[in-house]
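Before any comments, here is the structure.
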Amino acid sequence: MEDAEHHIRSNIDKPVLYQRFINIFKGRGVFATEFISKGDFVVEYRGELLTQQEGEVRADQYNDSAKVFLFHFQWKGRTWCIDASEEDSSLGRLVNDDHKRHNLKMKAIQANDEPHLCLFATRDIVAGEELTYSYGDSDWPWRTQVIKTELSSSPKPMVRTLLKS
Ligand SMILES: C[S@@+](CC[C@H](N)C(=O)[O-])C[C@H]1O[C@@H](n2cnc3c(N)ncnc32)[C@H](O)[C@@H]1O
């Protein structure tokens with residue numbers, strides 16, 4: 001927790017992370033440059049803190065690609081929103097979704113009397129692994145598109161597997 005607070009206050013990302021372009025489907029992602037231990041603070045989802053109402057106004061104004069950077073969460077009995085749509089150099093905003101095999105979990109940490117969304121390792125992570133967390137239970141389009149892509153790129157093995165089961 002101290003490590004998270006230090007990085008929140010200093011407004012910097014850890015040097016154990018880097019971003020790179022993955023493909024046109026996923027865009028950019030964030031990767032580990034070295035081993036990260038289970039439980040470690042990894043990166044803050046930095047952005048502008050908004051009230052629920054302000055977040056709803058932004059959601060109405062934004063197009064779909066900006067809207068996905070609005071993260072709504074509960075803290076001290078109220079709904080808040082972090083708007084990370086600004087293309088700054090912070091890495092937390094570039095961490096992709098994986099609802100089945102993610103290696104990070106998000107928690108709200110209090111610092112400077114405000115909530116900050118921080119990602120922590122849910123297991124040991126080795127150098128070169130992509131960092132991911134679950135964006136929640138919504139039906140994000142890419143979750144079903146992944147299945148469609150796998151089916152269309154290898155139709156025969158998929159059909160054989162389905163017939164066996
Ligand atoms: C918060 S941004 C993450 C950074 C993004 N990849 C980028 O390059 O700006 C969320 C967007 O990333 C993409 N994304 C995130 N997770 C994905 C996944 N598992 N598969 C495909 N695209 C994903 C989607 O386009 C989504 O709208």
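In the structure tokens, chains take the letters A, B, ... in the order shown, each chain's residues start at 1, and ligands count up from 1 in the order shown.
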Considering only C-alpha atoms and all ligand atoms, tabulate each residue of chain A that lies at most 7 Å from ligand 1 along with its nearest interatomic pair and the corresponding distance in Å to one decimal; arrange the rows by chain and ascending residue number and present them as JSON lines.
{"residue": "A:Phe25", "atom": "CA", "partner": "ligand 1", "partner_atom_place_in_ligand_line": "21 (C)", "distance": 5.7}
{"residue": "A:Lys26", "atom": "CA", "partner": "ligand 1", "partner_atom_place_in_ligand_line": "22 (N)", "distance": 3.6}
{"residue": "A:Gly27", "atom": "CA", "partner": "ligand 1", "partner_atom_place_in_ligand_line": "8 (O)", "distance": 3.8}
{"residue": "A:Arg28", "atom": "CA", "partner": "ligand 1", "partner_atom_place_in_ligand_line": "8 (O)", "distance": 3.5}
{"residue": "A:Gly29", "atom": "CA", "partner": "ligand 1", "partner_atom_place_in_ligand_line": "6 (N)", "distance": 5.4}
{"residue": "A:Ser65", "atom": "CA", "partner": "ligand 1", "partner_atom_place_in_ligand_line": "27 (O)", "distance": 5.7}
{"residue": "A:Val68", "atom": "CA", "partner": "ligand 1", "partner_atom_place_in_ligand_line": "27 (O)", "distance": 5.4}
{"residue": "A:Phe69", "atom": "CA", "partner": "ligand 1", "partner_atom_place_in_ligand_line": "1 (C)", "distance": 5.0}
{"residue": "A:Arg93", "atom": "CA", "partner": "ligand 1", "partner_atom_place_in_ligand_line": "1 (C)", "distance": 5.2}
{"residue": "A:Leu94", "atom": "CA", "partner": "ligand 1", "partner_atom_place_in_ligand_line": "4 (C)", "distance": 3.6}
{"residue": "A:Val95", "atom": "CA", "partner": "ligand 1", "partner_atom_place_in_ligand_line": "3 (C)", "distance": 5.2}
{"residue": "A:Asn96", "atom": "CA", "partner": "ligand 1", "partner_atom_place_in_ligand_line": "16 (N)", "distance": 3.7}
{"residue": "A:Asp97", "atom": "CA", "partner": "ligand 1", "partner_atom_place_in_ligand_line": "16 (N)", "distance": 3.8}
{"residue": "A:Asp98", "atom": "CA", "partner": "ligand 1", "partner_atom_place_in_ligand_line": "19 (N)", "distance": 5.2}
{"residue": "A:Trp142", "atom": "CA", "partner": "ligand 1", "partner_atom_place_in_ligand_line": "21 (C)", "distance": 4.9}
{"residue": "A:Arg143", "atom": "CA", "partner": "ligand 1", "partner_atom_place_in_ligand_line": "19 (N)", "distance": 6.6}
Could you take the residues named above and write them with C-alpha atoms, as a PDB file, in the first residue's frame?
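Output file part35.pdb follows:
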ATOM      1  CA  PHE A  25      -7.772  -5.149 -32.943  1.00  0.00           C
ATOM      2  CA  LYS A  26      -6.439  -4.621 -29.402  1.00  0.00           C
ATOM      3  CA  GLY A  27      -4.366  -1.492 -29.973  1.00  0.00           C
ATOM      4  CA  ARG A  28      -1.700  -0.860 -27.363  1.00  0.00           C
ATOM      5  CA  GLY A  29      -1.110  -2.841 -24.187  1.00  0.00           C
ATOM      6  CA  SER A  65     -13.618   5.145 -28.141  1.00  0.00           C
ATOM      7  CA  VAL A  68     -14.337   3.354 -22.643  1.00  0.00           C
ATOM      8  CA  PHE A  69     -11.822   5.418 -20.629  1.00  0.00           C
ATOM      9  CA  ARG A  93      -5.142   3.833 -19.019  1.00  0.00           C
ATOM     10  CA  LEU A  94      -3.602   1.436 -21.563  1.00  0.00           C
ATOM     11  CA  VAL A  95      -4.066  -1.799 -19.592  1.00  0.00           C
ATOM     12  CA  ASN A  96      -6.392  -4.092 -21.551  1.00  0.00           C
ATOM     13  CA  ASP A  97      -9.329  -6.223 -20.421  1.00  0.00           C
ATOM     14  CA  ASP A  98      -9.196  -9.975 -19.750  1.00  0.00           C
ATOM     15  CA  TRP A 142     -14.219  -7.727 -28.042  1.00  0.00           C
ATOM     16  CA  ARG A 143     -15.104 -10.587 -25.675  1.00  0.00           C
TER      17      ARG A 143
END
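Of the residues in stretch 17-59 of chain A, those given helix (DSSP H, G or I) by DSSP on the backbone are Gln52, Gln53, Glu54, Gly55, Glu56, Val57, Arg58 and Ala59 of chain A.
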Would you write out, as CSV, a table of all residues in stretch 69-118 of chain A that have an atom no more than 12 Å from an atom of stretch 32-38 of chain A, listing for each the closest atom pair and the distance in Å to one decimal, considering only C-alpha atoms and ordering rows by chain and rising residue number?
residue,atom,partner,partner_atom,distance
A:Leu91,CA,A:Ala32,CA,11.4
A:Val95,CA,A:Ala32,CA,11.3
A:Asn103,CA,A:Lys38,CA,8.8
A:Leu104,CA,A:Lys38,CA,9.1
A:Lys105,CA,A:Lys38,CA,10.7
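Nearest to A:Phe21 of all the residues A:Glu86, A:Gly136, A:Arg58, A:Glu130 is A:Glu130, based on only C-alpha atoms.
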Polymer residues at most 9 Å from A:Asp13, only C-alpha atoms, same-chain spacing of 4 or more positions, as a ChimeraX atom specification: /A:7-8,17,42-44,90-92
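Of note, atom CA of A:Gln19 and atom CA of A:Gly128 are spaced 10.9 Å apart.
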Å distance separating atom CA of A:Trp140 from atom CA of A:Lys107, one decimal place: 20.8 Å
Residue neighbourhood A:Gln74, 10 Å, only C-alpha atoms, exclusion window fewer than 5 positions, as an MDAnalysis selection string: chainID A and resid 52 79:81 108 115
Nearest candidate to A:Ser10 (options A:Ala111, A:Val126, A:Ala66, A:Leu117; using only C-alpha atoms): A:Ala111
